[in-house]
Amino acid sequence: MATYVIGDLQGCFEPLTRLLQHIHYQPAQDQLWFCGDLIARGPDSLACLDFVKSLGAGARVVLGNHDLNFIASYYGFSKIKAADNLSALQKAPHLPELIDWLCQQPLIQQNHQHDFLMVHAGLAPEWDLATALAATAEVGTLLRQEPTTLLATMYGNTPARWRDANTAAERWRFTINACTRMRFCQPDGALELITKSGVTGQEALIPWYEFWRNKSHPELFFGHWAALNGYSPVAGIHALDTGCVWGNTLTAYCVESRQRYSVKA
């Protein structure tokens, strides 16, 4: 049995099928963990969503910013851009079932057997692990039980610091921003949600994972940041978005063997 953590699919179903062939994936034995952004931008978001959902207990998923935006669009709180390439998914006859399934997925997944944690973007600098788990559990419960309450307050870049989240809605928004949108932070730990570049040449901002370099945590896996091309300099924190949707590669990390496997887009 093997456990594979896979970077952002972004609707790239054909590369996923080749990646699974490359790792000799055995559905009855292996487990796939997906770092979020199953959909958007690529050509086959519906196929990606249907496939991952069909795996049942054989897959674990965290929500990414594109996944959440799609849920919000379904409930009327956002609009899908043409570049997101989601028209087939929007027209799917079983769309309500897919939306319900997405709403059951958390922001953080934790594997106690192998002692690792998966999130789409990252963990806020001000958090410790217990705070991160509690904050994301609160958001997950609300998304399952009262999605419109959560989605109505989801959008916005403030508060930028956890300490400034004075209301429930601000707490939820900050948590979603940290876990699904964050890349860089200000030197004081405030979230910076605009910059999407790589780290090279960036002097004014600090990558979120640097704030976790000396904190106690299990191994961390994240996606979202294609400009990193799968590289994190911090031991025990693994970047897995290698930009498949941008013409690069799709990557899986085998937890047991600690090996990476990639296929070209």
# chains A, B, ... in the order shown; residues from 1 in each chain; ligands from 1
>>> residues_around(residues="range 244-246 of chain A", least_positions_apart="2", cutoff="7 Å", atoms="only C-alpha atoms", output="PyMOL selection string")
chain A and resi 10+12+41-42+242+248-250+265
>>> residues_around(residues="Thr3 in chain A", least_positions_apart="3", cutoff="7 Å", atoms="only C-alpha atoms", output="PyMOL selection string")
chain A and resi 30-32+254-256
>>> atom_distance(atom1="CA of Val263 in chain A", atom2="CA of Pro15 in chain A")
6.8 Å
>>> residues_around(residues="Asp84 in chain A", least_positions_apart="4", cutoff="10 Å", atoms="only C-alpha atoms", output="compact mmCIF listing (two decimals) with C-alpha atoms, in the first residue's frame")
# COMPACT_ATOMS: atom_id res chain seq x y z
CA GLN A 10 -6.64 22.35 -12.29
CA GLY A 11 -8.78 20.25 -14.64
CA ILE A 39 -10.82 22.23 -11.15
CA ALA A 40 -10.47 25.36 -13.33
CA ARG A 41 -8.25 26.51 -16.20
CA GLY A 42 -7.56 23.01 -17.59
CA PRO A 43 -9.74 21.24 -20.20
CA SER A 45 -12.52 19.78 -14.72
CA HIS A 66 -10.74 27.69 -7.33
CA PHE A 70 -16.89 27.44 -7.89
CA ILE A 80 -16.98 32.21 -13.16
>>> residues_around(residues="range 182-185 of chain A", least_positions_apart="2", cutoff="6 Å", atoms="only C-alpha atoms", output="PyMOL selection string")
chain A and resi 121+178+189-193+205-208
>>> closest_residue(among="A:Cys48, A:Leu117, A:Ala124, A:Ala134", to="Gln186 in chain A", atoms="only C-alpha atoms")
A:Ala124
>>> residues_around(residues="Tyr74 in chain A", least_positions_apart="3", cutoff="9 Å", atoms="only C-alpha atoms", output="VMD selection string")
chain A and resid 69 to 71 77 to 79 90 96 99
>>> write_last_selection(atoms="N, CA and C atoms", output="PDB file, in the first residue's frame")
ATOM      1  N   ASN A  69     -14.317  29.025  -5.024  1.00  0.00           N
ATOM      2  CA  ASN A  69     -14.969  30.010  -5.882  1.00  0.00           C
ATOM      3  C   ASN A  69     -16.073  29.373  -6.714  1.00  0.00           C
ATOM      4  N   PHE A  70     -15.845  28.130  -7.125  1.00  0.00           N
ATOM      5  CA  PHE A  70     -16.885  27.439  -7.892  1.00  0.00           C
ATOM      6  C   PHE A  70     -18.111  27.162  -7.025  1.00  0.00           C
ATOM      7  N   ILE A  71     -17.877  26.736  -5.790  1.00  0.00           N
ATOM      8  CA  ILE A  71     -19.004  26.538  -4.872  1.00  0.00           C
ATOM      9  C   ILE A  71     -19.748  27.858  -4.695  1.00  0.00           C
ATOM     10  N   PHE A  77     -22.771  33.762  -5.223  1.00  0.00           N
ATOM     11  CA  PHE A  77     -21.922  34.739  -4.543  1.00  0.00           C
ATOM     12  C   PHE A  77     -20.693  35.146  -5.356  1.00  0.00           C
ATOM     13  N   SER A  78     -20.512  34.566  -6.531  1.00  0.00           N
ATOM     14  CA  SER A  78     -19.410  34.960  -7.403  1.00  0.00           C
ATOM     15  C   SER A  78     -19.756  34.561  -8.830  1.00  0.00           C
ATOM     16  N   LYS A  79     -18.902  34.980  -9.760  1.00  0.00           N
ATOM     17  CA  LYS A  79     -19.074  34.630 -11.160  1.00  0.00           C
ATOM     18  C   LYS A  79     -17.844  33.883 -11.658  1.00  0.00           C
ATOM     19  N   GLN A  90     -20.413  23.318 -15.152  1.00  0.00           N
ATOM     20  CA  GLN A  90     -21.624  24.074 -14.797  1.00  0.00           C
ATOM     21  C   GLN A  90     -22.886  23.450 -15.381  1.00  0.00           C
ATOM     22  N   PRO A  96     -25.567  19.426  -8.644  1.00  0.00           N
ATOM     23  CA  PRO A  96     -25.868  19.550  -7.205  1.00  0.00           C
ATOM     24  C   PRO A  96     -25.162  18.495  -6.350  1.00  0.00           C
ATOM     25  N   ILE A  99     -21.500  19.588  -6.045  1.00  0.00           N
ATOM     26  CA  ILE A  99     -21.378  20.710  -5.118  1.00  0.00           C
ATOM     27  C   ILE A  99     -21.491  20.221  -3.675  1.00  0.00           C
TER      28      ILE A  99
END
>>> residues_around(residues="Arg181 in chain A", least_positions_apart="5", cutoff="12 Å", atoms="only C-alpha atoms", output="ChimeraX atom specification")
/A:36-37,63-69,107,119-124,154-157,160,173-176,191-196,208,222-225
>>> select_by_dssp(residues="range 5-215 of chain A", states="strand (DSSP E or B)", output="list in words")
Val5, Ile6, Gln31, Leu32, Trp33, Phe34, Ala59, Arg60, Val61, Ile108, Gln109, Gln110, Asn111, Phe116, Leu117, Met118, Val119, Phe184, Cys185, Leu191, Glu192, Ile206 and Pro207 of chain A
>>> closest_residue(among="A:Leu129, A:Ala168, A:Ala83, A:Thr180", to="Pro106 in chain A", atoms="only C-alpha atoms")
A:Thr180
>>> atom_distance(atom1="CA of Thr149 in chain A", atom2="CA of Glu170 in chain A")
12.5 Å
>>> atom_distance(atom1="CA of Leu228 in chain A", atom2="CA of Phe34 in chain A")
17.8 Å
>>> closest_residue(among="A:Glu14, A:Arg258, A:Gln202, A:Thr167", to="Thr153 in chain A", atoms="only C-alpha atoms")
A:Thr167
>>> closest_residue(among="A:Gln29, A:Ala47, A:Tyr209, A:Gln110", to="Leu16 in chain A", atoms="only C-alpha atoms")
A:Ala47
>>> residues_around(residues="Leu98 in chain A", least_positions_apart="3", cutoff="9 Å", atoms="only C-alpha atoms", output="list in words")
Leu49, Asp50, Lys53, His94, Leu95, Trp101, Leu102 and Cys103 of chain A
